Every structure is written in structure tokens, then in C-alpha cells.
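Structure first, commentary second.
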Amino acid sequence: MHDPRVLLDPATDAVRKLSRRGFALDLAYLEKVLSGRNAAIRRGDEARAESKRLSTAVKGATPEERPALVQASRDLKTTVTEADEEHKRHDAELTEFLLGVPNLPADELPDGASDADAELVRTWGEPLTAEGARDHVELGESVGILDLARATKLSGPRFAVLCGRGPALERALSRYFLDVATGQHGYTEFSVPTLVNRETMTGTGQLPKFEQDLFRTGVADRDLFLIPTAEVPLTNLHARETLAAEDLPLAYTAHTPCFRSEAGSYGRDTKGLIRLHEFSKVELVRLVRPEDSRAELELLLGHAETVMQSLGLAYRVVKLAAGDIGFSAEVTYDIEVWLPGQGAYREIASASDFGSFQARRAGIRTKAKDGTRGFAATLNSSGLPIGRTLVALLEQGQQPDGSVRIPEVLVPYCGFDSLVPA
RNA sequence: GGAAGCGUGGCAGAGCGGCCGAAUGCACUCGCCUUGAAAGCGAGCGUCACGAAAGUGACCGGGGGUUCGAAUCCCCCCGCUUCCGCCA
């Protein structure tokens with residue numbers, strides 16, 4: 001959520017910035033609601049101040065003057081009530097409006113609205129495709145770790161069952177990712193709820209605009225949502241708290257299931273592990289000082305890249321176009337892993353700088369030693385998703401003999417160094 | 001699910017319907033003292049909103065109500081604690 005004054009400040013250039021992501025900001029409406037709200041606050045405060053003075057006067061009043069004072073005070077109450085109601089009404093309008101305004105894309109982002117407009121940052125490893133390379137579905141079934149037909153029986157499309165050495169590999173990946181995050185990169189691990197309330201979803205920006213992307217439960221008159229990523233509970237851990245500025249940055253990680261409705265992606269990635277309603281992921285979240293956020297994003301991206309490199313996975317990093325970044329983001333890098341089976345780079349991780357956009361919504365404040373107050377900045381990145389990493393391991397690790405080589409770093413975790421056809 | 005009790009500032013803990021944004025202690029900040037530290041002494045020390053500022057207003061779990069006036073009285077809700085039941 002934005003500070004309305006900042007949006008209205010011509011120096012912010014909000015209208016132009018938001019137009020780059022296709023959002024038309026109605027500054028006149030914002031101005032009208034904000035000034036209406038502020039005027040109502042003033043009227044209410046002034047009437048209340050007068051009413052307080054009268055109340056004090058009632059005490060020392062003689063019996064003769066008392067009724068007049070009481071009556072005057074009663075009359076003022078109407079003014080107060082009316083002003084308060086107007087204040088409330090405008091406040092609700094203002095909040096509703098602001099909650100729907102996306103974050104301002106950074107100027108450094110390329111123009112455009114699709115992944116084709118992203119800017120190539122760097123490439124790591126060789127995008128090799130052997131003759132007759134197979135995709136992960138074929139490979140996964142061939143080496144006996146994937147059973148998509150039974151998953152469909154259990155839950156319908158966009159679910160997966162892992163079997164054979166698959167579950168052990170999955171477990172190895174999540175443990176490895178967490179060990180790197182906590183051991184090498186200084187993240188603190190949490191175990192968090194995967195069912196969260198509306199307020200929490202609003203804090204990170206999933207609500208109110210993107211309810212159709214979420215799985216919702218309405219059991220026993222509760223109103224809870226399944227998290228689409230651990231970003232939601234991790235970032236909101238400090239919602240409505242004030243953090244000591246000198247304690248920042250905070251670096252958090254968690255391995256959780258993630259649930260996405262994938263509304264609007266009919267027909268895309270319909271087979272395999274690429275796009276599921278339920279998958280699991282290790283997520284990295286950083287709460288930092290706003291002035292550090294851009295540098296922190298590079299650091300965070302580096303953490304995700306380190307894991308990719310240690311697995312020996314060829315990938316490239318792209319900076320998303322202004323019209324392609326998420327609602328809450330200012331800058332987003334995608335890490336795209338090379339998939340020989342598709343002959344294409346596909347998104348495996350996404351690292352974003354949200355500036356103070358989420359912190360304002362969630363009320364994550366900071367206080368410096370000298371008493372200066374402000375909002376934190378938040379960032380997150382996958383670190384990494386289990387399913388898509390498995391896809392990449394299968395496709396990049398496939399051997400001419402039909403087996404799949406497991407990266408060395410994982411062997412101590414899973415206990416085998418290859419998958420062989422059943 | 002049943003019963004009882006409790007929700008006040010970072011913590012602890014006072015608070016006759018007006019003099020309470022709120023005593024006191026601890027913690028914290030600055031200073032004095034000290035070779036240094038502790039102790040001691042002095043001063044300061046909540047958040048938010050409106051306002052250029054002076055200042056004004058709001059906030060004692062949340063929301064309503066009574067009253068000229070509510071932390072204090074009434075109602076509803078939420079949370080927590082303890083006991084019982086149930087359960088992983």
C-alpha cells in the first residue's frame with residue numbers, strides 16, 4: 001500500500017510509473033478523497049476540543065448556567081458524530097482505493113508486459129540438449145519416481161504422486177535447501193501455518209485483488225486461505241510490530257506446501273510437475289532497511305543462484321519487464337532453468353524487492369536508535385521450489401543410457417547417486 | 001464443549017465517572033560520580049492522526065451504549081489463564 005501523499009507528490013511520477021504496468025491511477029479521485037477525509041478529521045477534532053472545554057466548565061458551573069452548558073455540549077455532539085462518520089466513510093474509500101493500487105515498478109525495468117520483454121542479466125552453465133532428450137514426465141515415469149495417473153485419481157488434474165526414490169529425493173532437496181539457507185546464508189528457519197486469515201493475505205498483497213488465485217476454506221465460520229507461498233506467513237510474522245532498525249536485516253526461511261488455483265492458466269503446462277495446485281518450496285524472506293533493499297535483492301538473488309550452481313543446473317537470470325512483475329513488486333528477477341526436454345529456459349525461482357509496499361500493508365515498522373520511525377522493506381525469493389528443481393534435475397541429469405545422474409551435493413542427503421529405469 | 005477468572009505503556013503493576021495518556025517499580029537513553037564497572041544522584045523516555053507550525057484530537061483487548069464528561073458503568077465480540085471433558 002502506498003502513502004497517498006507520496007502518490008500525489010508530482011516528484012513521485014506515480015501516474016507514469018503505474019502506466020508502465022497498465023494501471024491507470026486516478027489522482028483526482030485520490031486527491032478528493034484524501035482532502036475530504038482530512039477536512040472531516042479537522043472538523044471532528046475541533047468540535048471535540050470545544051466539547052471538552054464545555055465539559056470541564058460544567059463542573060465549576062453554577063446551577064443557573066449549568067443547563068445551557070449541558071445543552072451546548074449536547075448540540076456539539078451532533079457535529080462530532082457527523083464529522084466522525086464522514087471521516088470513517090472517506091477513510092474506507094481511501095483504504096479501498098489504495099489497496100487496489102499496485103506497487104511502482106522501478107525505472108530500471110525494461111518496458112513491456114510479458115516474459116518476452118524481460119532483460120537478460122546473465123547466463124550460467126551450458127544449455128545443452130542431447131540428441132533425443134526426453135522431458136521430465138517421460139523420465140520420471142521411466143525411472144519410477146512419478147505417478148501422475150494416480151494423482152489425477154486422487155485429486156484431479158494438476159497434482160502429483162511421487163513414488164520409488166522420488167519421495168526420498170524430494171526430502172533430500174528440501175533438507176539441502178534449508179541447510180544451505182540456514183548454514184551458509186544466515187537464514188533462520190520457521191515452521192509456519194499454511195492456512196492463514198484474510199488480514200495476513202492482505203498484508204503481502206494477495207488480497208483483496210487476487211482472491212480467485214487462492215484456495216479458500218470456510219469451515220466452522222472461519223475464513224481461511226491456503227498459502228500460495230511461504231512468503232505470506234514469513235513476511236507477516238512481524239505484521240503490526242515495530243522492529244529495531246539495528247536488528248535488520250532479518251532473514252527467514254521455511255519449507256511449506258504451496259497452493260495455487262492456477263485460474264486462468266488452462267491448457268498451460270498441463271502435464272508434469274511444472275504447474276501444480278499443490279507443491280512444496282523453500283522460501284527465503286528478508287526484512288531490511290528501505291535504503292538497503294536494492295542491494296539486498298542482489299544478495300538474495302545470489303543466495304538462490306548459489307543453490308542452482310551447487311546443483312550444477314544451467315540457468316539464466318532475467319529482469320522482468322515493468323508490466324510483468326507482480327502486484328506488490330518494484331523489481332523482480334527470475335531465475336530460469338534450462339530444460340532440455342522443452343528446449344527452453346523455464347522459471348524456477350523469482351526474487352523480488354517489494355520496497356515498503358508490503359510493510360505498509362502489514363504494518364511492519366522500524367524504529368532507529370535516534371527515534372526515527374519508518375517502515376521496513378521486504379524481499380523474497382524461492383530458495384528453491386522442490387518440484388521444478390526435480391524437473392530440472394531429471395532433464396539436465398539424463399544420461400544416454402536412460403538413467404539420471406544425481407548432483408554430488410545431494411548424495412549425502414538421499415543416499416544414491418543416480419536413478420535408473422525400473 | 002462445560003465452569004471460573006483475567007485483559008492498562010517494553011515488562012511488572014496502581015488507577016473515587018471529571019484533577020488520568022494514565023501513579024510507582026524495572027528496563028532503556030543522556031549526564032554527574034568512579035581508574036573501570038556496579039551502586040547512587042539528576043534529567044528524559046508510548047503510538048497514531050490532522051496541521052507549515054503553534055497546537056489539536058484519538059488510543060487503557062475490539063466494537064457498540066449510558067453520560068455534559070468513561071480506563072473506570074452497561075451490552076456484544078475476541079484473546080488469554082486455570083479446572084473438567086475430548087483429542088494428535
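Numbering starts fresh at 1 for the residues of each chain in the C-alpha cells, the chains themselves are lettered A, B, ... in the order given, and ligands are numbered from 1 as they appear.
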TODO: Would you mind writing down, as number ranges by chain, each residue of stretch 126-373 of chain A that DSSP on the backbone assigns to strand (DSSP E or B)?
DONE: A: 146, 162, 188-189, 195-197, 216-217, 224-226, 241-244, 250-259, 278-288, 315-319, 331-339, 344-353, 364-367, 373
Open item on the list: Using only C-alpha atoms (C1' of nucleotides) and a distance of at most 7 Å, pull out the residues of chain A that contact chain B, as an MDAnalysis selection string.
Closed with: chainID A and resid 38 41:42 45 55 58 70 73:74
Name all residues at most 9 Å from stretch 174-185 of chain A (count only C-alpha atoms (C1' of nucleotides); drop same-chain ones fewer than 3 positions away) and give them as a PDB file with N, CA, C and O atoms, in the first residue's frame.
ATOM      1  N   LEU A 169      14.115 -38.267  -2.717  1.00  0.00           N
ATOM      2  CA  LEU A 169      14.782 -37.184  -3.433  1.00  0.00           C
ATOM      3  C   LEU A 169      14.158 -35.847  -3.057  1.00  0.00           C
ATOM      4  O   LEU A 169      14.841 -34.842  -2.837  1.00  0.00           O
ATOM      5  N   GLU A 170      12.857 -35.851  -2.956  1.00  0.00           N
ATOM      6  CA  GLU A 170      12.126 -34.649  -2.564  1.00  0.00           C
ATOM      7  C   GLU A 170      12.558 -34.206  -1.164  1.00  0.00           C
ATOM      8  O   GLU A 170      12.837 -33.024  -0.921  1.00  0.00           O
ATOM      9  N   ARG A 171      12.650 -35.187  -0.284  1.00  0.00           N
ATOM     10  CA  ARG A 171      13.053 -34.891   1.086  1.00  0.00           C
ATOM     11  C   ARG A 171      14.498 -34.391   1.114  1.00  0.00           C
ATOM     12  O   ARG A 171      14.843 -33.472   1.857  1.00  0.00           O
ATOM     13  N   THR A 188      17.099 -17.854   9.313  1.00  0.00           N
ATOM     14  CA  THR A 188      16.513 -18.533  10.464  1.00  0.00           C
ATOM     15  C   THR A 188      15.289 -19.302   9.983  1.00  0.00           C
ATOM     16  O   THR A 188      14.440 -18.737   9.299  1.00  0.00           O
ATOM     17  N   GLU A 189      15.248 -20.582  10.342  1.00  0.00           N
ATOM     18  CA  GLU A 189      14.142 -21.398   9.851  1.00  0.00           C
ATOM     19  C   GLU A 189      12.914 -21.321  10.751  1.00  0.00           C
ATOM     20  O   GLU A 189      13.020 -21.301  11.974  1.00  0.00           O
ATOM     21  N   ALA A 251      16.517 -12.405   8.228  1.00  0.00           N
ATOM     22  CA  ALA A 251      16.490 -13.343   7.105  1.00  0.00           C
ATOM     23  C   ALA A 251      15.797 -14.622   7.561  1.00  0.00           C
ATOM     24  O   ALA A 251      16.266 -15.292   8.481  1.00  0.00           O
ATOM     25  N   TYR A 252      14.661 -14.928   6.949  1.00  0.00           N
ATOM     26  CA  TYR A 252      13.839 -16.050   7.373  1.00  0.00           C
ATOM     27  C   TYR A 252      13.647 -17.057   6.245  1.00  0.00           C
ATOM     28  O   TYR A 252      13.575 -16.686   5.071  1.00  0.00           O
ATOM     29  N   THR A 253      13.501 -18.305   6.631  1.00  0.00           N
ATOM     30  CA  THR A 253      13.224 -19.332   5.635  1.00  0.00           C
ATOM     31  C   THR A 253      12.245 -20.344   6.193  1.00  0.00           C
ATOM     32  O   THR A 253      12.134 -20.507   7.414  1.00  0.00           O
ATOM     33  N   ALA A 254      11.531 -20.990   5.288  1.00  0.00           N
ATOM     34  CA  ALA A 254      10.615 -22.059   5.681  1.00  0.00           C
ATOM     35  C   ALA A 254      10.362 -22.955   4.487  1.00  0.00           C
ATOM     36  O   ALA A 254      10.392 -22.503   3.341  1.00  0.00           O
ATOM     37  N   HIS A 255      10.145 -24.208   4.792  1.00  0.00           N
ATOM     38  CA  HIS A 255       9.731 -25.162   3.761  1.00  0.00           C
ATOM     39  C   HIS A 255       8.266 -25.442   3.995  1.00  0.00           C
ATOM     40  O   HIS A 255       7.892 -25.898   5.082  1.00  0.00           O
ATOM     41  N   SER A 280       5.662 -28.033  -3.050  1.00  0.00           N
ATOM     42  CA  SER A 280       6.327 -27.523  -1.865  1.00  0.00           C
ATOM     43  C   SER A 280       7.566 -26.768  -2.264  1.00  0.00           C
ATOM     44  O   SER A 280       8.111 -26.936  -3.358  1.00  0.00           O
ATOM     45  N   LYS A 281       7.982 -25.878  -1.380  1.00  0.00           N
ATOM     46  CA  LYS A 281       9.007 -24.915  -1.747  1.00  0.00           C
ATOM     47  C   LYS A 281       9.713 -24.439  -0.483  1.00  0.00           C
ATOM     48  O   LYS A 281       9.092 -24.280   0.562  1.00  0.00           O
ATOM     49  N   VAL A 282      11.005 -24.206  -0.626  1.00  0.00           N
ATOM     50  CA  VAL A 282      11.734 -23.498   0.428  1.00  0.00           C
ATOM     51  C   VAL A 282      11.776 -22.047   0.001  1.00  0.00           C
ATOM     52  O   VAL A 282      12.167 -21.734  -1.120  1.00  0.00           O
ATOM     53  N   LEU A 284      12.757 -17.907   0.845  1.00  0.00           N
ATOM     54  CA  LEU A 284      13.649 -17.016   1.586  1.00  0.00           C
ATOM     55  C   LEU A 284      12.995 -15.642   1.673  1.00  0.00           C
ATOM     56  O   LEU A 284      12.531 -15.113   0.658  1.00  0.00           O
ATOM     57  N   HIS A 303      21.895 -15.775  -3.286  1.00  0.00           N
ATOM     58  CA  HIS A 303      21.637 -16.964  -2.466  1.00  0.00           C
ATOM     59  C   HIS A 303      20.943 -18.041  -3.294  1.00  0.00           C
ATOM     60  O   HIS A 303      21.278 -19.219  -3.212  1.00  0.00           O
ATOM     61  N   VAL A 307      22.552 -21.919  -4.900  1.00  0.00           N
ATOM     62  CA  VAL A 307      21.964 -23.245  -4.837  1.00  0.00           C
ATOM     63  C   VAL A 307      21.894 -23.859  -6.231  1.00  0.00           C
ATOM     64  O   VAL A 307      22.237 -25.024  -6.443  1.00  0.00           O
ATOM     65  N   GLY A 383      13.859 -20.581  -2.775  1.00  0.00           N
ATOM     66  CA  GLY A 383      15.240 -20.982  -2.474  1.00  0.00           C
ATOM     67  C   GLY A 383      15.435 -22.464  -2.234  1.00  0.00           C
ATOM     68  O   GLY A 383      16.067 -22.779  -1.280  1.00  0.00           O
ATOM     69  N   LEU A 384      14.866 -23.312  -2.990  1.00  0.00           N
ATOM     70  CA  LEU A 384      14.149 -23.257  -4.259  1.00  0.00           C
ATOM     71  C   LEU A 384      12.873 -24.085  -4.164  1.00  0.00           C
ATOM     72  O   LEU A 384      12.673 -24.784  -3.169  1.00  0.00           O
ATOM     73  N   PRO A 385      12.075 -24.111  -5.228  1.00  0.00           N
ATOM     74  CA  PRO A 385      10.904 -24.970  -5.228  1.00  0.00           C
ATOM     75  C   PRO A 385      11.345 -26.418  -5.454  1.00  0.00           C
ATOM     76  O   PRO A 385      12.246 -26.680  -6.254  1.00  0.00           O
ATOM     77  N   ILE A 386      10.707 -27.334  -4.750  1.00  0.00           N
ATOM     78  CA  ILE A 386      11.125 -28.736  -4.840  1.00  0.00           C
ATOM     79  C   ILE A 386      10.751 -29.329  -6.201  1.00  0.00           C
ATOM     80  O   ILE A 386      11.584 -29.953  -6.866  1.00  0.00           O
ATOM     81  N   VAL A 409      26.175 -32.980  -4.386  1.00  0.00           N
ATOM     82  CA  VAL A 409      25.799 -32.383  -3.091  1.00  0.00           C
ATOM     83  C   VAL A 409      24.567 -33.051  -2.489  1.00  0.00           C
ATOM     84  O   VAL A 409      24.341 -32.966  -1.281  1.00  0.00           O
ATOM     85  N   LEU A 410      23.764 -33.696  -3.335  1.00  0.00           N
ATOM     86  CA  LEU A 410      22.539 -34.302  -2.808  1.00  0.00           C
ATOM     87  C   LEU A 410      22.745 -35.728  -2.308  1.00  0.00           C
ATOM     88  O   LEU A 410      21.935 -36.237  -1.532  1.00  0.00           O
ATOM     89  N   TYR A 413      22.407 -36.589   1.175  1.00  0.00           N
ATOM     90  CA  TYR A 413      21.042 -36.382   1.672  1.00  0.00           C
ATOM     91  C   TYR A 413      20.097 -37.496   1.255  1.00  0.00           C
ATOM     92  O   TYR A 413      19.201 -37.871   1.997  1.00  0.00           O
TER      93      TYR A 413
END
- [ ] Extract, using only C-alpha atoms (C1' of nucleotides), all DNA, RNA and protein residues at most 12 Å from stretch 319-325 of chain A, discarding same-chain residues fewer than 2 positions from it, and format them as a VMD selection string.
- [x] chain A and resid 16 to 23 102 to 122 297 to 298 301 316 to 317 327 to 336 347 350 to 354
TODO: Identify which of the residues A:His2, A:Arg165, A:Arg260, A:Arg216 lies closest to A:Pro421, counting only C-alpha atoms when measuring atom-to-atom distances.
DONE: A:Arg165
- [ ] Give me the residues within 10 Å of A:Thr256 as number ranges by chain, counting only C-alpha atoms (C1' of nucleotides) and dropping any in the same chain fewer than 5 places off.
- [x] A: 174, 190-194, 227-231, 279-283, 385
Go ahead and dump the residues you just picked, N, CA and C atoms, as a PDB file, in the first residue's frame.
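Just written: out_6.pdb:
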ATOM      1  N   SER A 174      14.598 -30.644   0.003  1.00  0.00           N
ATOM      2  CA  SER A 174      14.151 -29.658   0.976  1.00  0.00           C
ATOM      3  C   SER A 174      15.160 -29.535   2.117  1.00  0.00           C
ATOM      4  N   PHE A 190      11.757 -21.300  10.106  1.00  0.00           N
ATOM      5  CA  PHE A 190      10.485 -21.319  10.823  1.00  0.00           C
ATOM      6  C   PHE A 190       9.610 -22.440  10.303  1.00  0.00           C
ATOM      7  N   SER A 191       8.739 -22.900  11.167  1.00  0.00           N
ATOM      8  CA  SER A 191       7.668 -23.770  10.739  1.00  0.00           C
ATOM      9  C   SER A 191       6.386 -22.986  10.958  1.00  0.00           C
ATOM     10  N   VAL A 192       5.656 -22.723   9.896  1.00  0.00           N
ATOM     11  CA  VAL A 192       4.542 -21.777   9.959  1.00  0.00           C
ATOM     12  C   VAL A 192       3.239 -22.415   9.478  1.00  0.00           C
ATOM     13  N   PRO A 193       2.100 -21.791   9.823  1.00  0.00           N
ATOM     14  CA  PRO A 193       0.823 -22.306   9.321  1.00  0.00           C
ATOM     15  C   PRO A 193       0.734 -22.147   7.805  1.00  0.00           C
ATOM     16  N   THR A 194       0.049 -23.072   7.179  1.00  0.00           N
ATOM     17  CA  THR A 194      -0.180 -22.946   5.745  1.00  0.00           C
ATOM     18  C   THR A 194      -1.598 -22.455   5.475  1.00  0.00           C
ATOM     19  N   ILE A 227      -1.977 -20.945   1.812  1.00  0.00           N
ATOM     20  CA  ILE A 227      -0.949 -20.028   1.317  1.00  0.00           C
ATOM     21  C   ILE A 227      -0.442 -20.448  -0.066  1.00  0.00           C
ATOM     22  N   PRO A 228      -0.215 -19.465  -0.941  1.00  0.00           N
ATOM     23  CA  PRO A 228       0.348 -19.777  -2.253  1.00  0.00           C
ATOM     24  C   PRO A 228       1.873 -19.857  -2.187  1.00  0.00           C
ATOM     25  N   THR A 229       2.437 -19.410  -1.085  1.00  0.00           N
ATOM     26  CA  THR A 229       3.883 -19.389  -0.870  1.00  0.00           C
ATOM     27  C   THR A 229       4.147 -19.058   0.591  1.00  0.00           C
ATOM     28  N   ALA A 230       5.298 -19.514   1.098  1.00  0.00           N
ATOM     29  CA  ALA A 230       5.640 -19.223   2.498  1.00  0.00           C
ATOM     30  C   ALA A 230       5.975 -17.749   2.690  1.00  0.00           C
ATOM     31  N   GLU A 231       6.118 -17.019   1.596  1.00  0.00           N
ATOM     32  CA  GLU A 231       6.283 -15.575   1.685  1.00  0.00           C
ATOM     33  C   GLU A 231       5.197 -14.977   2.579  1.00  0.00           C
ATOM     34  N   PHE A 279       2.303 -27.788  -4.351  1.00  0.00           N
ATOM     35  CA  PHE A 279       3.712 -28.163  -4.478  1.00  0.00           C
ATOM     36  C   PHE A 279       4.404 -27.667  -3.220  1.00  0.00           C
ATOM     37  N   SER A 280       5.662 -28.033  -3.050  1.00  0.00           N
ATOM     38  CA  SER A 280       6.327 -27.523  -1.865  1.00  0.00           C
ATOM     39  C   SER A 280       7.566 -26.768  -2.264  1.00  0.00           C
ATOM     40  N   LYS A 281       7.982 -25.878  -1.380  1.00  0.00           N
ATOM     41  CA  LYS A 281       9.007 -24.915  -1.747  1.00  0.00           C
ATOM     42  C   LYS A 281       9.713 -24.439  -0.483  1.00  0.00           C
ATOM     43  N   VAL A 282      11.005 -24.206  -0.626  1.00  0.00           N
ATOM     44  CA  VAL A 282      11.734 -23.498   0.428  1.00  0.00           C
ATOM     45  C   VAL A 282      11.776 -22.047   0.001  1.00  0.00           C
ATOM     46  N   GLU A 283      11.329 -21.180   0.888  1.00  0.00           N
ATOM     47  CA  GLU A 283      11.242 -19.767   0.564  1.00  0.00           C
ATOM     48  C   GLU A 283      12.213 -18.972   1.430  1.00  0.00           C
ATOM     49  N   PRO A 385      12.075 -24.111  -5.228  1.00  0.00           N
ATOM     50  CA  PRO A 385      10.904 -24.970  -5.228  1.00  0.00           C
ATOM     51  C   PRO A 385      11.345 -26.418  -5.454  1.00  0.00           C
TER      52      PRO A 385
END
Task: Filtered DSSP result for stretch 336-413 of chain A, state helix (DSSP H, G or I), as a ChimeraX atom specification - done: /A:357-362,386-397,408-413
- [ ] Just give me the gap between atom CA of A:Ala368 and atom CA of A:Ala245 in Å, one decimal is fine.
- [x]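 Here the two named atoms are 4.8 Å from each other.
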TODO: Work out how far atom CA of A:Ser382 is from atom CA of A:Gly302, in Å to one decimal.
DONE: 11.5 Å
